[in-house]
Each structure stands twice: as C-alpha cells, then as structure tokens.
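Shown here: coords_23.txt, compact mmCIF, C-alpha atoms.
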```txt
# COMPACT_ATOMS: atom_id res chain seq x y z
CA MET I 284 33.90 55.67 -43.86
CA ASN I 285 35.78 58.82 -44.90
CA GLN I 286 35.61 62.08 -42.97
CA ARG I 287 32.97 63.67 -45.22
CA GLN I 288 30.72 60.61 -44.99
CA GLU I 289 31.12 60.52 -41.20
CA ILE I 290 30.16 64.20 -40.86
CA SER I 291 27.17 63.67 -43.14
CA ALA I 292 26.04 60.69 -41.08
CA LYS I 293 26.24 62.70 -37.88
CA GLU I 294 24.28 65.57 -39.41
CA ASN I 295 21.48 63.20 -40.47
CA SER I 296 21.42 61.44 -37.10
CA ALA I 297 18.73 62.28 -34.59
CA ASP I 298 19.81 62.10 -30.95
CA PHE I 299 16.65 61.77 -28.87
CA SER I 300 18.29 60.40 -25.72
CA THR I 301 17.41 63.49 -23.69
CA THR I 302 13.69 63.20 -24.50
CA LEU I 303 13.21 59.60 -23.36
CA GLN I 304 12.38 60.59 -19.80
CA GLU I 305 9.92 63.18 -21.09
CA CYS I 306 8.18 60.42 -23.08
CA ARG I 307 7.96 58.18 -20.04
CA ASN I 308 6.53 61.02 -17.94
CA GLY I 309 4.06 61.98 -20.66
CA ASN I 310 1.65 59.89 -22.69
CA ALA I 311 3.89 56.88 -23.17
CA ALA I 312 2.24 54.47 -20.74
CA ASP I 313 1.20 52.32 -23.69
CA HIS I 314 4.22 52.14 -25.96
CA GLN I 315 2.37 50.66 -28.91
CA LEU I 316 0.44 53.30 -30.80
CA SER I 317 -3.09 52.75 -32.10
CA LYS I 318 -3.66 52.46 -35.86
CA LYS I 319 -5.38 55.85 -35.83
CA GLU I 320 -2.31 57.47 -34.28
CA GLN I 321 0.02 55.71 -36.71
CA PHE I 322 -1.78 57.19 -39.72
CA SER I 323 -2.02 60.68 -38.26
CA LEU I 324 1.62 61.20 -37.30
CA ASN I 325 2.88 64.73 -37.64
CA CYS I 326 6.53 63.86 -37.85
CA THR I 327 9.84 64.02 -39.67
CA LYS I 328 11.84 61.00 -40.87
CA HIS I 329 15.44 60.19 -39.94
CA GLN I 330 17.95 57.71 -41.35
CA ASP I 331 19.49 56.80 -38.02
CA ILE I 332 19.24 57.61 -34.35
CA MET I 333 21.39 57.73 -31.21
CA ILE I 334 20.02 55.99 -28.12
CA TYR I 335 22.26 56.29 -25.07
CA LYS I 336 25.37 56.71 -27.25
CA LYS I 337 24.52 53.72 -29.44
CA ARG I 338 23.66 54.33 -33.07
CA TYR I 339 20.78 52.46 -34.68
CA GLN I 340 20.17 52.64 -38.42
CA ILE I 341 17.43 51.70 -40.86
CA GLY I 342 18.01 48.05 -41.72
CA ASP I 343 19.25 47.06 -38.24
CA SER I 344 17.59 44.08 -36.56
CA VAL I 345 16.71 44.80 -32.93
CA LEU I 346 15.27 43.13 -29.85
CA ILE I 347 12.03 44.86 -28.85
CA LYS I 348 10.30 44.64 -25.47
CA THR I 349 6.70 45.86 -25.42
CA THR I 350 4.68 46.98 -22.41
CA ASN I 351 3.37 43.45 -21.85
CA GLN I 352 7.02 42.37 -21.46
CA ILE I 353 6.97 40.24 -24.63
CA GLU I 354 10.32 40.20 -26.44
CA GLN I 355 10.31 40.05 -30.21
CA ILE I 356 12.80 40.79 -32.99
CA GLY I 357 12.08 43.39 -35.64
CA LEU I 358 13.77 45.00 -38.63
CA ILE I 359 14.00 48.81 -38.45
CA GLN I 360 12.17 50.45 -41.37
CA ASN I 361 12.02 54.11 -40.31
CA PHE I 362 12.69 56.57 -37.50
CA TYR I 363 10.27 59.42 -36.83
CA GLY I 364 10.38 62.55 -34.73
CA TYR I 365 6.77 63.20 -33.64
CA GLN I 366 6.03 66.81 -32.75
CA GLN I 367 4.06 66.34 -29.53
CA ASP I 368 3.98 70.06 -28.73
CA ASP I 369 6.11 73.17 -29.30
CA LYS I 370 8.86 71.92 -27.01
CA THR I 371 8.80 68.12 -27.22
CA ILE I 372 9.73 65.84 -30.12
CA VAL I 373 8.83 62.23 -29.38
CA PRO I 374 11.18 59.65 -30.96
CA LEU I 375 9.47 56.73 -32.70
CA VAL I 376 10.65 53.69 -34.62
CA GLU I 377 8.81 51.64 -37.24
CA VAL I 378 9.73 47.95 -37.20
CA GLN I 379 8.86 45.08 -39.50
CA TRP I 380 8.39 41.96 -37.41
CA TYR I 381 10.17 38.64 -37.59
CA CYS I 382 8.42 35.51 -36.38
CA THR I 383 9.73 32.11 -35.25
CA TYR I 384 8.80 28.63 -36.43
CA GLN I 385 6.31 28.44 -33.56
CA ASP I 386 4.28 31.21 -35.23
CA LEU I 387 3.97 29.40 -38.56
CA ALA I 388 0.73 27.82 -39.74
CA ASP I 389 -0.07 24.33 -38.50
CA SER I 390 0.06 23.05 -42.08
CA ILE I 391 3.84 23.69 -42.20
CA ASP I 392 6.07 20.89 -40.88
CA LYS I 393 8.10 22.49 -38.07
CA ASP I 394 10.28 19.55 -37.07
CA SER I 395 13.46 20.69 -38.82
CA PHE I 396 13.42 24.38 -37.86
CA SER I 397 15.91 25.89 -35.43
CA GLU I 398 15.37 27.95 -32.30
CA CYS I 399 17.72 30.47 -33.95
CA GLU I 400 15.68 30.72 -37.17
CA LEU I 401 13.54 33.76 -38.00
CA PHE I 402 11.07 34.57 -40.76
CA LEU I 403 10.41 38.16 -41.84
CA THR I 404 6.70 38.95 -42.04
CA GLU I 405 4.84 41.80 -43.75
CA GLN I 406 3.58 43.17 -40.42
CA THR I 407 4.86 46.52 -39.13
CA THR I 408 4.31 48.56 -35.98
CA ILE I 409 5.33 52.05 -34.84
CA LEU I 410 6.70 52.14 -31.28
CA PHE I 411 8.49 54.49 -28.90
CA ILE I 412 12.23 53.98 -29.26
CA ASP I 413 12.77 53.03 -25.64
CA CYS I 414 11.17 49.70 -26.54
CA ILE I 415 14.48 48.90 -28.29
CA GLN I 416 16.62 46.72 -26.02
CA SER I 417 19.64 45.86 -28.17
CA LYS I 418 20.85 45.01 -31.65
CA CYS I 419 20.51 41.51 -33.06
CA PHE I 420 22.25 39.93 -36.01
CA VAL I 421 20.07 38.21 -38.59
CA MET I 422 22.00 36.61 -41.45
CA ASN I 423 21.73 33.93 -44.08
CA ILE I 424 22.39 30.34 -43.07
CA ASP I 425 25.91 30.20 -44.56
CA GLU I 426 26.99 33.24 -42.53
CA PHE I 427 25.33 31.83 -39.42
CA GLU I 428 27.29 28.56 -39.65
CA ASN I 429 30.57 30.49 -39.60
CA THR I 430 29.80 33.11 -36.97
CA GLY I 431 30.63 33.17 -33.29
CA THR I 432 28.52 36.27 -32.67
CA SER I 433 26.11 36.34 -29.77
CA ASN I 434 22.51 37.40 -30.42
CA ALA I 435 22.82 35.81 -33.86
CA TYR I 436 19.96 34.37 -35.87
CA PHE I 437 19.51 33.17 -39.42
CA THR I 438 16.74 33.30 -41.99
CA ARG I 439 15.97 31.21 -45.04
CA ALA I 440 12.54 32.55 -45.99
CA LYS I 441 9.89 35.18 -45.41
CA TYR I 442 6.49 34.30 -43.97
CA ASN I 443 3.27 35.81 -45.30
CA THR I 444 0.81 35.90 -42.40
CA ILE I 445 -2.11 36.40 -44.78
CA THR I 446 -1.49 33.49 -47.17
CA LYS I 447 0.21 31.41 -44.42
CA GLN I 448 3.00 30.54 -46.84
CA LEU I 449 6.80 30.62 -46.72
CA GLU I 450 8.53 32.56 -49.48
CA PRO I 451 10.41 30.75 -51.00
CA PRO I 452 8.76 27.43 -50.08
CA ILE I 453 10.79 24.75 -48.30
CA THR I 454 11.10 22.72 -51.53
CA GLN I 455 13.27 25.51 -53.01
CA TRP I 456 15.68 25.79 -50.08
CA LYS I 457 19.34 24.97 -50.45
CA LYS I 458 19.93 21.23 -50.24
CA ASP I 459 23.72 20.87 -50.05
CA LEU I 460 23.82 21.22 -46.26
CA LEU I 461 24.97 18.93 -43.47
CA TYR I 462 22.22 16.80 -41.93
CA ILE I 463 21.80 14.32 -39.10
CA GLN I 464 19.20 11.56 -38.87
CA CYS I 465 17.09 10.94 -35.79
CA ASP I 466 17.41 7.30 -34.69
CA GLN I 467 13.85 7.27 -33.37
CA CYS I 468 11.70 8.90 -36.07
CA ASN I 469 14.25 8.52 -38.93
CA LYS I 470 13.77 12.13 -40.05
CA TRP I 471 16.74 14.20 -41.24
CA PHE I 472 17.64 17.54 -39.65
CA HIS I 473 20.05 20.30 -40.58
CA LEU I 474 22.96 20.41 -38.10
CA SER I 475 22.87 24.18 -37.58
CA CYS I 476 19.11 24.05 -36.99
CA MET I 477 19.71 21.51 -34.22
CA GLY I 478 22.57 23.56 -32.74
CA LEU I 479 25.18 20.94 -33.61
CA THR I 480 28.57 21.08 -35.31
CA GLN I 481 29.82 18.37 -37.66
CA GLU I 482 32.39 17.32 -35.04
CA GLN I 483 29.69 16.90 -32.37
CA ALA I 484 27.55 14.87 -34.77
CA ASN I 485 30.45 12.59 -35.61
CA GLN I 486 30.97 11.80 -31.92
CA MET I 487 27.34 10.74 -31.37
CA GLU I 488 26.48 7.06 -31.37
CA GLN I 489 22.77 7.86 -31.40
CA TYR I 490 20.77 11.04 -31.97
CA SER I 491 17.23 11.94 -30.91
CA CYS I 492 15.56 15.05 -32.30
CA LYS I 493 13.81 17.60 -30.04
CA ILE I 494 10.40 16.11 -30.86
CA CYS I 495 11.38 12.57 -29.89
CA LYS I 496 13.03 13.80 -26.69
CA LYS I 497 9.73 15.11 -25.36
```

What would the structure in this file look like if it were written as structure tokens?
Amino acid sequence: MNQRQEISAKENSADFSTTLQECRNGNAADHQLSKKEQFSLNCTKHQDIMIYKKRYQIGDSVLIKTTNQIEQIGLIQNFYGYQQDDKTIVPLVEVQWYCTYQDLADSIDKDSFSECELFLTEQTTILFIDCIQSKCFVMNIDEFENTGTSNAYFTRAKYNTITKQLEPPITQWKKDLLYIQCDQCNKWFHLSCMGLTQEQANQMEQYSCKICKK
C-alpha cells in the first residue's frame, strides 16, 4: 500500500474503541438487535473499523460471541455508526453467517465433511462490534491444505437455508483430491477433511472414520 492509499484508508476508518464502554453501560444488554431496529437504523456506513488497535475490514471473516455465549463465524458485510443521541455514536457490524456441516439438512450426507469446513449462508445479522472476538481465515480447500495458519477454515460451497441445498452441489465438487478409505464402512474421505496428511495416511495400517469410531 503506498502512502496515499494508506492515508485514504485511515481517513475512511472509524475508530469506535472509546465508545465501547458507553455501549455496555447503555442499552447494549442484548447485543443482537431486533428486526425492527435493524430496519430503522439512523446510521452512516464505514469501510473498515479499529477495535482496540486492530483493524477490521468489510470482507473479513470473524469469530462472533453473542450474549448467550454461542460462538459462530461470520463474514463482515458492513460497518455502521448508529447515532444514539447527540453525543454517542454506537458502532455496529453486519455479518453474513457461516454454518458447519452439523447445521445442514438431514437429507445431506455429512460423513465426509470436516470440522474445519464452513458454508456461507444467506442469513445476516446486525450486532454491536464488541461481539467480535477475533479474525478467522476462511479459504478454498487448496489454500487450506497448504496453510499452517491457526484459526483457519475452508469452504467448498454455500448453503441456502431456505432450499436446504448446497451451492454448488457435492456432485460438482473437485474430484482430484487425496482420499482415504475407512476399513469398517468402506467409505472414502478427503484427507484434509479428516485432519490427516498424506504422510500420516501412508503410515496407517488401518483407518476408521469418525462415524465408525463412535
């Protein structure tokens, strides 16, 4: 990034760190806003935001913790500055939710999915920014196989929660990947989905999938 771009980025950044405590002391007991509040926001949009000296941008994947202590990963769509009163601007973030294979419809065979696999849904929510815990890294499966990054996940499809379908469907997924066969059920599983490297697979005399181990 050149100097002009860096200055421009800073000028467009909204630093709401100093207002977080005001939000907590105000009407932020329930961090998830109602639908009525979401559609009646009197706010300005921002491209990025500083939270305790860490910059978050539209397009970042983040770990979210809601008031019921459930952790979920979302994709940042927008930042808003909500004018609560003449003195207070409340920082908000709109996230588009990922789901895991456990959230998929029962009609979808889940045996070969990974604990590190996510599916982007069409569902969005507007939250207070102090629900953001940290950045996550969601990448395609080829990048995931070659990364050593912590908090890393991969995605191969989106999931439509209305039609209960993966987009693209499993039949269109890339086939030239490394697989291992379960010696009990005889099903084939992608190595990365099972958290295995090719070297580890080669050293195994027998392999049991996570379903057969139960």

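Here CA of Asp413 (chain I) and CA of Thr383 (chain I) stand 23.2 Å from one another.
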
Minimum-distance residue to Thr349 (chain I), chosen among I:Glu377, I:Ser433, I:Leu479, I:Cys414 (using only C-alpha atoms): I:Cys414

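You will find CA of Lys348 (chain I) at 17.9 Å from CA of Thr404 (chain I).
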
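With all atoms listed in the file as the basis for measurement, I:Leu410 is the residue among I:Val421, I:Leu410, I:Ile341, I:Ile356 that approaches Leu375 (chain I) most closely.
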
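CA of Thr408 (chain I) lies 15.8 Å from CA of Asn443 (chain I).
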
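Closest approach to Phe472 (chain I) from the set I:Phe396, I:Asn434, I:Asp386, I:Thr454 is made by I:Phe396, with distances taken over all atoms listed in the file.
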
Near-Thr430 (chain I) list (12 Å; only C-alpha atoms; drop same-chain fewer than 6 positions) as a VMD selection string: chain I and resid 420 to 424 436 to 437 475

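Shortest atom-to-atom contact with Lys328 (chain I) among I:Phe427, I:Tyr365, I:Tyr462, I:Tyr442: I:Tyr365, counting only C-alpha atoms.
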
Within 12 Å of file point (8.6, 35.0, -49.3), counting only C-alpha atoms, expressed as a ChimeraX atom specification: /I:402-405,438-453,455-456

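The smallest atom-to-atom distance between Asp466 (chain I) and any of I:Leu387, I:Ile332, I:Val345, I:Met487, using all atoms listed in the file, is found for I:Met487.
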